[in-house]
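What's in run.cif: mmCIF, C-alpha atoms
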```cif
data_protein
loop_
_atom_site.label_atom_id
_atom_site.label_comp_id
_atom_site.auth_asym_id
_atom_site.auth_seq_id
_atom_site.Cartn_x
_atom_site.Cartn_y
_atom_site.Cartn_z
CA MET A 21 0.00 0.00 0.00
CA LEU A 22 1.33 3.42 -0.91
CA ASP A 23 1.71 6.00 1.85
CA ILE A 24 -1.28 8.37 1.82
CA GLN A 25 1.00 11.12 3.17
CA LEU A 26 2.98 10.96 -0.07
CA PHE A 27 -0.20 11.80 -2.02
CA ARG A 28 -0.54 14.90 0.18
CA ASP A 29 3.12 15.98 0.15
CA ASP A 30 4.39 14.97 -3.29
CA PRO A 31 1.62 13.78 -5.66
CA GLN A 32 3.91 14.38 -8.64
CA LYS A 33 6.24 11.65 -7.35
CA ILE A 34 3.27 9.25 -7.33
CA ARG A 35 2.23 10.26 -10.86
CA GLU A 36 5.76 9.90 -12.22
CA GLY A 37 6.33 6.53 -10.53
CA LEU A 38 3.07 5.08 -11.84
CA ARG A 39 3.76 6.52 -15.31
CA ARG A 40 7.07 4.67 -15.33
CA ARG A 41 5.05 1.51 -14.74
CA GLY A 42 2.93 2.33 -17.79
CA MET A 43 -0.06 3.70 -15.84
CA GLU A 44 -0.70 6.90 -17.75
CA THR A 45 -4.20 7.36 -16.31
CA ALA A 46 -3.58 6.35 -12.69
CA PRO A 47 -6.34 7.67 -10.37
CA VAL A 48 -4.04 9.91 -8.32
CA GLU A 49 -6.48 12.86 -8.31
CA LYS A 50 -9.30 10.58 -7.17
CA VAL A 51 -7.18 9.39 -4.23
CA ILE A 52 -6.34 12.99 -3.30
CA SER A 53 -10.00 13.99 -3.54
CA LEU A 54 -11.21 11.08 -1.37
CA ASP A 55 -8.48 11.76 1.18
CA ALA A 56 -9.50 15.45 1.40
CA GLN A 57 -13.15 14.46 1.75
CA ARG A 58 -12.26 11.99 4.48
CA ARG A 59 -10.29 14.57 6.46
CA GLU A 60 -13.12 17.12 6.18
CA LEU A 61 -15.61 14.57 7.47
CA LEU A 62 -13.31 13.59 10.32
CA GLN A 63 -12.86 17.21 11.30
CA GLU A 64 -16.61 17.81 11.30
CA VAL A 65 -17.30 14.64 13.30
CA GLU A 66 -14.66 15.52 15.88
CA SER A 67 -16.04 19.06 16.19
CA LEU A 68 -19.59 17.76 16.70
CA ARG A 69 -18.42 15.24 19.29
CA ALA A 70 -16.66 18.00 21.19
CA GLU A 71 -19.85 20.08 21.01
CA ARG A 72 -21.89 17.12 22.26
CA ASN A 73 -19.53 16.55 25.18
CA THR A 74 -19.81 20.22 26.16
CA GLY A 75 -23.59 20.11 25.77
CA SER A 76 -23.87 16.99 27.93
CA LYS A 77 -22.05 18.78 30.75
CA GLU A 78 -24.36 21.79 30.37
CA ILE A 79 -27.42 19.53 30.60
CA GLY A 80 -26.15 18.24 33.93
CA ARG A 81 -25.79 21.81 35.22
CA ALA A 82 -29.09 23.16 33.81
CA LYS A 83 -31.64 24.11 36.47
CA ASP A 84 -34.46 25.28 34.24
CA PRO A 85 -36.51 22.27 32.89
CA THR A 86 -37.28 24.05 29.60
CA GLU A 87 -33.66 24.97 29.02
CA ARG A 88 -32.63 21.41 29.95
CA GLN A 89 -35.08 19.86 27.45
CA GLU A 90 -33.93 22.19 24.67
CA LYS A 91 -30.35 21.14 25.25
CA ILE A 92 -31.35 17.47 25.24
CA GLU A 93 -33.12 17.90 21.89
CA ALA A 94 -30.13 19.76 20.50
CA MET A 95 -27.81 16.95 21.58
CA ARG A 96 -30.10 14.37 19.96
CA ALA A 97 -29.90 16.29 16.69
CA ILE A 98 -26.13 16.42 16.96
CA GLY A 99 -26.05 12.68 17.66
CA LYS A 100 -28.10 11.97 14.53
CA ARG A 101 -25.79 14.18 12.50
CA ILE A 102 -22.74 12.33 13.88
CA ASP A 103 -24.33 8.97 12.97
CA ALA A 104 -24.99 10.19 9.42
CA LEU A 105 -21.45 11.52 9.06
CA ASP A 106 -19.96 8.28 10.46
CA GLU A 107 -21.86 6.32 7.82
CA GLU A 108 -20.66 8.69 5.10
CA LEU A 109 -17.12 8.46 6.46
CA SER A 110 -17.24 4.66 6.36
CA GLY A 111 -18.19 4.82 2.68
CA VAL A 112 -15.35 7.23 1.89
CA ASP A 113 -12.87 5.08 3.86
CA LEU A 114 -13.94 2.01 1.90
CA ALA A 115 -13.67 3.80 -1.45
CA LEU A 116 -10.24 5.19 -0.56
CA ASP A 117 -8.87 1.87 0.74
CA THR A 118 -10.26 0.02 -2.30
CA LEU A 119 -8.60 2.46 -4.67
CA LEU A 120 -5.25 2.41 -2.84
CA ALA A 121 -5.29 -1.40 -2.92
CA THR A 122 -5.24 -1.34 -6.73
CA LEU A 123 -2.11 0.80 -7.01
CA PRO A 124 1.28 -0.95 -7.29
CA ASN A 125 4.47 0.00 -5.52
CA LEU A 126 6.55 2.81 -7.00
CA PRO A 127 9.65 1.60 -8.87
CA ASP A 128 13.07 2.47 -7.53
CA GLN A 129 14.88 5.12 -9.57
CA ASP A 130 17.50 2.48 -10.51
CA VAL A 131 14.89 0.30 -12.23
CA PRO A 132 15.40 0.58 -16.02
CA LEU A 133 12.49 1.92 -18.05
CA GLY A 134 10.92 -0.71 -20.28
CA ALA A 135 7.60 -1.98 -21.59
CA ASP A 136 7.94 -5.71 -20.90
CA GLU A 137 10.36 -8.56 -20.15
CA SER A 138 12.11 -8.10 -23.49
CA GLU A 139 13.64 -4.91 -22.06
CA ASN A 140 15.03 -6.47 -18.87
CA VAL A 141 18.76 -5.92 -18.43
CA ILE A 142 21.26 -8.78 -18.10
CA ILE A 143 23.60 -7.80 -15.26
CA LYS A 144 26.01 -10.74 -15.37
CA THR A 145 26.44 -14.34 -16.46
CA VAL A 146 28.25 -16.82 -14.20
CA GLY A 147 29.63 -20.21 -15.24
CA GLU A 148 30.25 -21.89 -18.57
CA ILE A 149 27.50 -23.23 -20.78
CA PRO A 150 28.15 -26.99 -20.82
CA SER A 151 29.11 -28.72 -24.07
CA TYR A 152 28.50 -32.37 -24.92
CA ASP A 153 29.78 -34.90 -27.44
CA PHE A 154 26.16 -36.03 -27.85
CA GLU A 155 22.86 -34.22 -28.31
CA PRO A 156 21.44 -33.50 -24.83
CA LYS A 157 17.82 -34.44 -24.35
CA PRO A 158 15.14 -32.15 -22.93
CA HIS A 159 13.65 -33.27 -19.64
CA TRP A 160 10.31 -34.17 -21.23
CA ASP A 161 12.14 -36.98 -23.05
CA LEU A 162 14.87 -37.73 -20.52
CA GLY A 163 12.57 -37.87 -17.48
CA PRO A 164 10.12 -40.45 -18.84
CA GLU A 165 12.93 -42.56 -20.33
CA LEU A 166 14.56 -42.80 -16.90
CA GLY A 167 11.19 -43.43 -15.27
CA LEU A 168 11.44 -40.22 -13.24
CA ILE A 169 8.52 -38.23 -14.66
CA ASP A 170 5.07 -39.62 -15.47
CA PHE A 171 3.01 -37.11 -17.44
CA GLU A 172 0.13 -39.46 -18.30
CA ARG A 173 -0.71 -40.36 -14.70
CA GLY A 174 -0.49 -36.72 -13.65
CA VAL A 175 -3.10 -35.85 -16.26
CA LYS A 176 -5.20 -38.85 -15.20
CA LEU A 177 -5.13 -37.78 -11.57
CA THR A 178 -5.79 -34.07 -12.00
CA GLY A 179 -5.59 -32.76 -15.56
CA SER A 180 -3.23 -30.91 -17.86
CA ARG A 181 -0.09 -29.26 -16.39
CA PHE A 182 0.16 -31.89 -13.62
CA TYR A 183 2.62 -34.79 -13.41
CA VAL A 184 3.95 -37.49 -11.08
CA LEU A 185 7.59 -37.78 -9.99
CA ASN A 186 8.74 -41.37 -9.43
CA GLY A 187 11.48 -42.93 -7.34
CA ALA A 188 14.77 -41.10 -7.69
CA GLY A 189 12.95 -38.20 -9.35
CA ALA A 190 10.77 -37.68 -6.27
CA ARG A 191 13.78 -38.15 -4.00
CA LEU A 192 15.85 -35.64 -6.00
CA GLN A 193 13.06 -33.08 -5.61
CA ARG A 194 12.92 -33.75 -1.87
CA ALA A 195 16.72 -33.61 -1.62
CA LEU A 196 16.79 -30.20 -3.27
CA ILE A 197 14.21 -28.82 -0.85
CA ALA A 198 15.97 -30.20 2.25
CA TRP A 199 19.44 -29.11 1.07
CA MET A 200 18.27 -25.59 0.22
CA LEU A 201 16.54 -25.16 3.59
CA ASP A 202 19.70 -26.31 5.38
CA LEU A 203 21.86 -23.96 3.28
CA HIS A 204 19.61 -20.98 4.00
CA THR A 205 19.66 -21.83 7.70
CA ARG A 206 23.47 -21.67 7.59
CA GLN A 207 23.14 -18.33 5.79
CA GLY A 208 21.25 -16.93 8.78
CA TYR A 209 17.58 -17.60 8.02
CA SER A 210 15.25 -19.24 10.55
CA GLU A 211 13.14 -22.05 9.10
CA ARG A 212 9.36 -22.02 9.32
CA TYR A 213 6.84 -24.66 8.29
CA LEU A 214 3.72 -22.80 7.19
CA PRO A 215 0.08 -23.52 6.37
CA PHE A 216 -0.56 -24.04 2.66
CA VAL A 217 -4.01 -22.46 3.02
CA VAL A 218 -4.57 -18.98 4.48
CA LYS A 219 -7.26 -16.41 5.20
CA GLU A 220 -8.19 -13.64 2.78
CA GLU A 221 -6.52 -10.93 4.87
CA THR A 222 -3.28 -12.91 4.69
CA VAL A 223 -3.43 -12.94 0.90
CA PHE A 224 -4.33 -9.22 0.80
CA ALA A 225 -1.45 -8.24 3.10
CA SER A 226 1.16 -9.58 0.67
CA GLY A 227 -0.32 -7.68 -2.30
CA GLN A 228 -1.86 -10.68 -4.08
CA LEU A 229 -5.38 -9.30 -3.73
CA PRO A 230 -7.23 -7.80 -5.44
CA LYS A 231 -4.97 -7.78 -8.53
CA PHE A 232 -4.26 -11.52 -8.82
CA GLU A 233 -7.57 -12.93 -7.60
CA GLY A 234 -8.14 -14.71 -10.92
CA ASN A 235 -4.84 -16.59 -10.56
CA LEU A 236 -5.49 -17.96 -7.07
CA TYR A 237 -7.22 -21.14 -5.90
CA ARG A 238 -9.92 -20.57 -3.30
CA ASP A 239 -12.07 -22.74 -1.05
CA HIS A 240 -15.32 -20.74 -1.12
CA GLU A 241 -17.01 -22.80 1.59
CA ASP A 242 -14.42 -21.99 4.29
CA ASP A 243 -13.17 -18.80 2.56
CA LEU A 244 -9.57 -20.02 2.55
CA TRP A 245 -6.99 -19.57 -0.19
CA LEU A 246 -4.22 -21.91 -1.37
CA VAL A 247 -0.88 -20.11 -1.15
CA PRO A 248 0.67 -19.04 -4.48
CA THR A 249 4.04 -18.62 -2.71
CA ALA A 250 5.41 -18.85 0.84
CA GLU A 251 5.84 -15.06 0.64
CA VAL A 252 2.11 -14.79 1.38
CA PRO A 253 2.04 -16.42 4.86
CA LEU A 254 5.54 -15.13 5.71
CA THR A 255 4.39 -11.52 5.18
CA SER A 256 1.67 -12.03 7.77
CA LEU A 257 3.78 -13.76 10.42
CA HIS A 258 3.96 -10.40 12.21
CA ARG A 259 0.76 -8.85 10.88
CA ASP A 260 -0.75 -6.25 13.23
CA GLU A 261 2.33 -6.38 15.47
CA ILE A 262 4.61 -3.63 16.78
CA LEU A 263 8.14 -4.98 17.08
CA THR A 264 10.99 -3.44 18.99
CA LYS A 265 14.19 -2.28 17.34
CA ASP A 266 15.94 -5.26 18.95
CA ASP A 267 13.46 -7.64 17.30
CA LEU A 268 14.88 -6.72 13.88
CA PRO A 269 16.03 -8.02 11.52
CA ARG A 270 13.91 -11.16 11.20
CA ALA A 271 15.06 -13.50 8.42
CA TYR A 272 12.99 -16.58 7.55
CA THR A 273 13.14 -19.46 5.11
CA ALA A 274 10.28 -21.80 4.31
CA TYR A 275 9.22 -24.49 1.89
CA THR A 276 5.68 -24.61 0.54
CA ALA A 277 3.90 -26.12 -2.34
CA CYS A 278 2.58 -23.24 -4.47
CA PHE A 279 -0.71 -23.13 -6.36
CA ARG A 280 -1.49 -20.78 -9.24
CA ARG A 281 -4.34 -20.85 -11.71
CA GLU A 282 -2.28 -19.66 -14.68
CA LYS A 283 -3.72 -19.30 -18.15
CA MET A 284 -1.27 -21.14 -20.36
CA SER A 285 -1.37 -21.85 -24.07
CA ALA A 286 0.43 -24.75 -25.72
CA GLY A 287 3.92 -24.04 -26.97
CA ARG A 288 7.64 -24.20 -26.34
CA ASP A 289 7.50 -22.06 -23.20
CA VAL A 290 5.25 -24.48 -21.30
CA ARG A 291 6.37 -27.89 -22.57
CA GLY A 292 7.29 -30.47 -19.94
CA ILE A 293 7.21 -29.39 -16.29
CA LYS A 294 8.45 -25.81 -16.70
CA ARG A 295 5.10 -24.29 -15.79
CA GLY A 296 2.28 -25.86 -13.84
CA HIS A 297 -0.56 -25.04 -11.50
CA GLN A 298 1.26 -26.71 -8.57
CA PHE A 299 4.98 -26.47 -7.85
CA ASP A 300 7.43 -26.47 -4.95
CA LYS A 301 9.53 -23.52 -3.83
CA VAL A 302 11.89 -22.60 -1.02
CA GLU A 303 11.51 -18.95 -0.01
CA MET A 304 13.69 -16.41 1.80
CA TYR A 305 12.03 -13.49 3.60
CA VAL A 306 13.31 -10.56 5.67
CA PHE A 307 11.73 -7.97 7.98
CA CYS A 308 14.18 -5.15 8.72
CA GLN A 309 14.62 -1.46 9.48
CA PRO A 310 14.37 0.79 6.39
CA GLU A 311 18.04 1.76 6.51
CA GLU A 312 19.02 -1.94 6.38
CA SER A 313 16.93 -3.04 3.42
CA GLU A 314 19.46 -2.31 0.67
CA ALA A 315 22.13 -4.37 2.45
CA PHE A 316 19.67 -7.24 2.91
CA PHE A 317 18.69 -6.99 -0.76
CA GLN A 318 22.31 -7.55 -1.75
CA LYS A 319 22.69 -10.37 0.80
CA MET A 320 19.57 -12.12 -0.41
CA MET A 321 20.84 -11.95 -3.99
CA ALA A 322 24.18 -13.43 -2.93
CA ASP A 323 22.40 -16.17 -0.97
CA ALA A 324 20.26 -17.16 -3.97
CA GLU A 325 23.30 -17.11 -6.26
CA GLN A 326 25.14 -19.39 -3.83
CA VAL A 327 22.46 -22.04 -4.36
CA CYS A 328 23.09 -21.99 -8.13
CA ALA A 329 26.86 -21.97 -7.67
CA GLU A 330 26.93 -24.92 -5.25
CA LEU A 331 24.70 -26.92 -7.60
CA GLY A 332 27.16 -26.19 -10.41
CA LEU A 333 24.51 -24.57 -12.62
CA PRO A 334 25.44 -21.79 -15.06
CA TYR A 335 23.25 -18.80 -14.27
CA ARG A 336 22.65 -15.20 -15.16
CA VAL A 337 21.16 -12.25 -13.30
CA ASN A 338 18.55 -9.99 -14.92
CA GLN A 339 17.30 -6.69 -13.57
CA LEU A 340 13.60 -6.34 -14.28
CA CYS A 341 12.47 -3.21 -16.11
CA THR A 342 9.50 -1.12 -15.00
CA GLY A 343 7.11 -2.95 -17.33
CA ASP A 344 7.97 -6.38 -15.89
CA LEU A 345 8.19 -5.39 -12.22
CA GLY A 346 5.90 -7.25 -9.82
CA PHE A 347 2.96 -5.44 -8.23
CA ALA A 348 4.50 -5.10 -4.75
CA ALA A 349 8.17 -4.75 -5.71
CA ALA A 350 10.21 -1.56 -5.81
CA ILE A 351 13.16 -3.35 -7.45
CA THR A 352 13.67 -6.96 -8.57
CA TYR A 353 16.51 -9.11 -9.87
CA ASP A 354 15.76 -12.47 -11.49
CA ILE A 355 18.17 -15.40 -11.55
CA GLU A 356 17.95 -17.77 -14.52
CA VAL A 357 19.78 -21.08 -14.91
CA TRP A 358 20.79 -22.69 -18.20
CA ALA A 359 19.00 -25.88 -19.24
CA ALA A 360 21.03 -27.79 -21.83
CA GLY A 361 18.19 -29.92 -23.21
CA CYS A 362 15.64 -27.12 -23.55
CA GLN A 363 18.47 -24.87 -24.77
CA GLU A 364 17.11 -21.92 -22.80
CA TRP A 365 17.45 -19.90 -19.63
CA LEU A 366 14.88 -20.76 -16.95
CA GLU A 367 13.96 -18.39 -14.15
CA VAL A 368 14.47 -20.02 -10.76
CA SER A 369 14.50 -16.98 -8.47
CA SER A 370 13.13 -13.47 -8.14
CA VAL A 371 14.60 -11.35 -5.36
CA SER A 372 12.69 -8.16 -4.52
CA ASN A 373 12.97 -5.24 -2.15
CA VAL A 374 9.38 -4.29 -1.37
CA ARG A 375 10.27 -1.46 1.03
CA ASP A 376 7.27 -0.62 3.30
CA PHE A 377 4.58 -1.50 0.72
CA GLN A 378 3.58 -4.85 2.27
CA ALA A 379 4.19 -3.65 5.82
CA ARG A 380 1.50 -0.98 5.38
CA ARG A 381 -1.00 -3.59 4.22
CA ALA A 382 -0.02 -5.98 6.99
CA ALA A 383 0.41 -3.26 9.65
CA VAL A 384 3.87 -4.46 10.67
CA ARG A 385 5.67 -1.70 12.57
CA TYR A 386 8.52 -1.26 15.00
CA ARG A 387 9.62 1.27 17.61
CA PRO A 388 12.95 2.88 16.61
CA GLU A 389 13.32 4.17 20.16
CA GLU A 390 11.14 3.77 23.22
CA GLY A 391 8.50 6.47 23.43
CA LYS A 392 9.21 7.92 19.98
CA GLY A 393 6.40 6.49 17.90
CA THR A 394 6.50 3.70 15.34
CA ARG A 395 7.70 3.16 11.77
CA TYR A 396 6.80 0.58 9.17
CA VAL A 397 9.39 -2.12 8.60
CA HIS A 398 10.79 -2.95 5.18
CA THR A 399 10.23 -6.42 3.75
CA LEU A 400 12.19 -8.37 1.15
CA ASN A 401 11.51 -11.72 -0.48
CA GLY A 402 13.38 -14.08 -2.75
CA SER A 403 13.12 -17.58 -4.16
CA GLY A 404 15.89 -19.78 -3.01
CA LEU A 405 15.15 -21.59 -5.35
CA GLY A 406 11.98 -22.44 -7.21
CA LEU A 407 11.20 -25.93 -8.43
CA PRO A 408 10.74 -27.69 -10.80
CA ARG A 409 12.98 -25.55 -13.01
CA THR A 410 15.97 -26.21 -10.78
CA LEU A 411 15.21 -29.92 -11.13
CA ILE A 412 14.99 -29.49 -14.91
CA ALA A 413 18.40 -27.83 -15.05
CA ILE A 414 20.01 -30.62 -13.01
CA LEU A 415 18.50 -33.38 -15.15
CA GLU A 416 19.43 -31.71 -18.42
CA ASN A 417 22.88 -30.33 -17.50
CA TYR A 418 24.09 -33.43 -15.65
CA GLN A 419 22.92 -35.99 -18.21
CA GLN A 420 25.41 -38.41 -19.75
CA ALA A 421 25.67 -40.07 -23.14
CA ASP A 422 24.20 -43.35 -21.83
CA GLY A 423 21.04 -41.51 -20.69
CA SER A 424 21.91 -41.50 -16.98
CA VAL A 425 22.12 -38.38 -14.81
CA VAL A 426 24.90 -37.51 -12.38
CA VAL A 427 23.66 -36.29 -8.99
CA PRO A 428 25.35 -33.00 -7.97
CA GLU A 429 27.81 -33.74 -5.20
CA VAL A 430 26.17 -31.42 -2.64
CA LEU A 431 22.89 -33.35 -2.94
CA ARG A 432 24.28 -36.85 -2.50
CA PRO A 433 23.99 -36.93 1.31
CA TRP A 434 20.24 -36.24 0.87
CA MET A 435 20.07 -38.95 -1.82
CA GLY A 436 21.44 -41.68 0.44
CA GLY A 437 24.84 -41.41 -1.25
CA GLN A 438 23.47 -42.06 -4.77
CA ALA A 439 25.84 -40.58 -7.34
CA VAL A 440 24.13 -41.51 -10.62
CA ILE A 441 20.48 -41.92 -11.59
CA SER A 442 19.96 -44.66 -14.17
CA GLU A 443 16.82 -46.10 -15.72
CA GLN A 444 14.48 -47.38 -13.01
#
```
Would it be possible to restate this file's structure as structure tokens?
Amino acid sequence: MLDIQLFRDDPQKIREGLRRRGMETAPVEKVISLDAQRRELLQEVESLRAERNTGSKEIGRAKDPTERQEKIEAMRAIGKRIDALDEELSGVDLALDTLLATLPNLPDQDVPLGADESENVIIKTVGEIPSYDFEPKPHWDLGPELGLIDFERGVKLTGSRFYVLNGAGARLQRALIAWMLDLHTRQGYSERYLPFVVKEETVFASGQLPKFEGNLYRDHEDDLWLVPTAEVPLTSLHRDEILTKDDLPRAYTAYTACFRREKMSAGRDVRGIKRGHQFDKVEMYVFCQPEESEAFFQKMMADAEQVCAELGLPYRVNQLCTGDLGFAAAITYDIEVWAAGCQEWLEVSSVSNVRDFQARRAAVRYRPEEGKGTRYVHTLNGSGLGLPRTLIAILENYQQADGSVVVPEVLRPWMGGQAVISEQ
């Protein structure tokens, strides 16, 4: 949520930031108008309440019955006026909050201007693209041949874009999750196991609602939502709390299955298990003081890159342009790994500094110093990493001429010492 004070103090900054996101007709004036109307109503209500309090005291002191009755009638009229204004104020509050909830975060000045993902900027590439003396297979051929991926039974169980992992394939997925959680714990994050279904206010606090409602799975009977990412419940871990300065920073890591109702057409970009309605992801999340958020942004990037490096996967870092920036993010870097069979770069992580945008929605504050008010924390989130694309890159990059797949050395303790995956 954007700071309403910024609309009052520097509306041009809001207009310019939203224009950079491609919102030429953003309702900035409407927000300013509703805010002014709200403050006028509040002022009138407070004035009437003060008048009623004074009048009530005068009624208690009145000796003359006629004068007393007149004051009682006057106070009743004021009470009715206050009730009417409160109702009007509630309507204005709702309209203002609804409008503010539709506006994205303002992009950082360092975010490059661009219309869409084609204008993202490659910051660096790390590692060598592997070469082979045979033609590497894509995972949609390699996986079934090794008995690791079963597309047909996934479709039979649920429908298109679902699959079953078998044997060593399932264990490799589990090994990746466990290894990444342990690595992030060593990096200074505290692990959490979270619900995979959450309340509507939890989804709203992270910025998923109302914009992405059509992409989320919802249980209408209990009014619960399946999480699209662990970022959603992690944002609300401290919702409606006031932390102390000593409580910060708070760094968390968590695994969840993720559920997204994505509209996908057939084609190269969705073949195999690259995109689905259910996938696994390990998340990193930080609550910190505003002056610390840039340092944590750089740390989180380094921590995500370490995952790729220790897995031996070539990767590159992209800075997202304004047209590809997520709704809640002020600045985002994506990490993509090379997949030798697909012959393409696959995004496995997005690391974002959200500043105080989510904290305003979730009402997460802290006291900089005792007795000196509160401030909103800054929040940051990053994938560390997302599956199944990490799994894809391992299968395709570590394949051998005989069709087997070498298990990355760092994962072998979680694979019971297995070094090579052969046909099951």
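Distances from A:Arg96, A:Lys144, A:Arg181, A:Lys33 to Gln339 in chain A were compared using only C-alpha atoms, and the smallest one belongs to A:Lys144.
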Carefully work through the PyMOL selection byres ((chain A and resi 270) around 6) for this structure and note down the residues it includes, as number ranges by chain. A: 268-269, 271, 306-307
Give as an MDAnalysis selection string the residues that the PyMOL selection byres ((chain A and resi 333-335) around 12) matches when applied to the coordinates above. chainID A and resid 142:151 324:332 336:338 354:360 364:369 409:418 428
Pull C-alpha atoms from the residues just selected and write them as a short mmCIF file (atom, residue, chain, number, x, y, z; two decimals), in the coordinates of the input.
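Dumped everything to out-v6.cif:
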```
data_model
loop_
_atom_site.label_atom_id
_atom_site.label_comp_id
_atom_site.auth_asym_id
_atom_site.auth_seq_id
_atom_site.Cartn_x
_atom_site.Cartn_y
_atom_site.Cartn_z
CA ILE A 142 21.26 -8.78 -18.10
CA ILE A 143 23.60 -7.80 -15.26
CA LYS A 144 26.01 -10.74 -15.37
CA THR A 145 26.44 -14.34 -16.46
CA VAL A 146 28.25 -16.82 -14.20
CA GLY A 147 29.63 -20.21 -15.24
CA GLU A 148 30.25 -21.89 -18.57
CA ILE A 149 27.50 -23.23 -20.78
CA PRO A 150 28.15 -26.99 -20.82
CA SER A 151 29.11 -28.72 -24.07
CA ALA A 324 20.26 -17.16 -3.97
CA GLU A 325 23.30 -17.11 -6.26
CA GLN A 326 25.14 -19.39 -3.83
CA VAL A 327 22.46 -22.04 -4.36
CA CYS A 328 23.09 -21.99 -8.13
CA ALA A 329 26.86 -21.97 -7.67
CA GLU A 330 26.93 -24.92 -5.25
CA LEU A 331 24.70 -26.92 -7.60
CA GLY A 332 27.16 -26.19 -10.41
CA ARG A 336 22.65 -15.20 -15.16
CA VAL A 337 21.16 -12.25 -13.30
CA ASN A 338 18.55 -9.99 -14.92
CA ASP A 354 15.76 -12.47 -11.49
CA ILE A 355 18.17 -15.40 -11.55
CA GLU A 356 17.95 -17.77 -14.52
CA VAL A 357 19.78 -21.08 -14.91
CA TRP A 358 20.79 -22.69 -18.20
CA ALA A 359 19.00 -25.88 -19.24
CA ALA A 360 21.03 -27.79 -21.83
CA GLU A 364 17.11 -21.92 -22.80
CA TRP A 365 17.45 -19.90 -19.63
CA LEU A 366 14.88 -20.76 -16.95
CA GLU A 367 13.96 -18.39 -14.15
CA VAL A 368 14.47 -20.02 -10.76
CA SER A 369 14.50 -16.98 -8.47
CA ARG A 409 12.98 -25.55 -13.01
CA THR A 410 15.97 -26.21 -10.78
CA LEU A 411 15.21 -29.92 -11.13
CA ILE A 412 14.99 -29.49 -14.91
CA ALA A 413 18.40 -27.83 -15.05
CA ILE A 414 20.01 -30.62 -13.01
CA LEU A 415 18.50 -33.38 -15.15
CA GLU A 416 19.43 -31.71 -18.42
CA ASN A 417 22.88 -30.33 -17.50
CA TYR A 418 24.09 -33.43 -15.65
CA PRO A 428 25.35 -33.00 -7.97
#
```
Nearest-residue call for Gly393 in chain A, choices A:Thr45, A:Gln25, A:Gln378, A:Thr264, using all atoms listed in the file: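 Of A:Thr45, A:Gln25, A:Gln378, A:Thr264, the one nearest Gly393 in chain A is A:Thr264, counting all atoms listed in the file.
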Work out how far apart CA of Lys219 in chain A and CA of Met21 in chain A are and give it in Å to one decimal.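 Taking CA of Lys219 in chain A as the start and CA of Met21 in chain A as the end point, the length is 18.7 Å.
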In Å, rounded to a single decimal, give me how far CA of Ile351 in chain A is from CA of His204 in chain A. 22.0 Å
Would you work out the distance separating CA of Leu214 in chain A from CA of Thr276 in chain A, expressed in Å to one decimal?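 CA of Thr276 in chain A lies 7.2 Å from CA of Leu214 in chain A.
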Please write as a PyMOL selection string the full residue list that the PyMOL selection byres ((chain A and resi 208) around 12) yields on this file. chain A and resi 201-207+209-211+269-273+304-306+316+319-320+323
Given only C-alpha atoms as the basis, pick out the residue of A:Val175, A:Cys278, A:Val131, A:Ile262 nearest to Thr352 in chain A. A:Val131
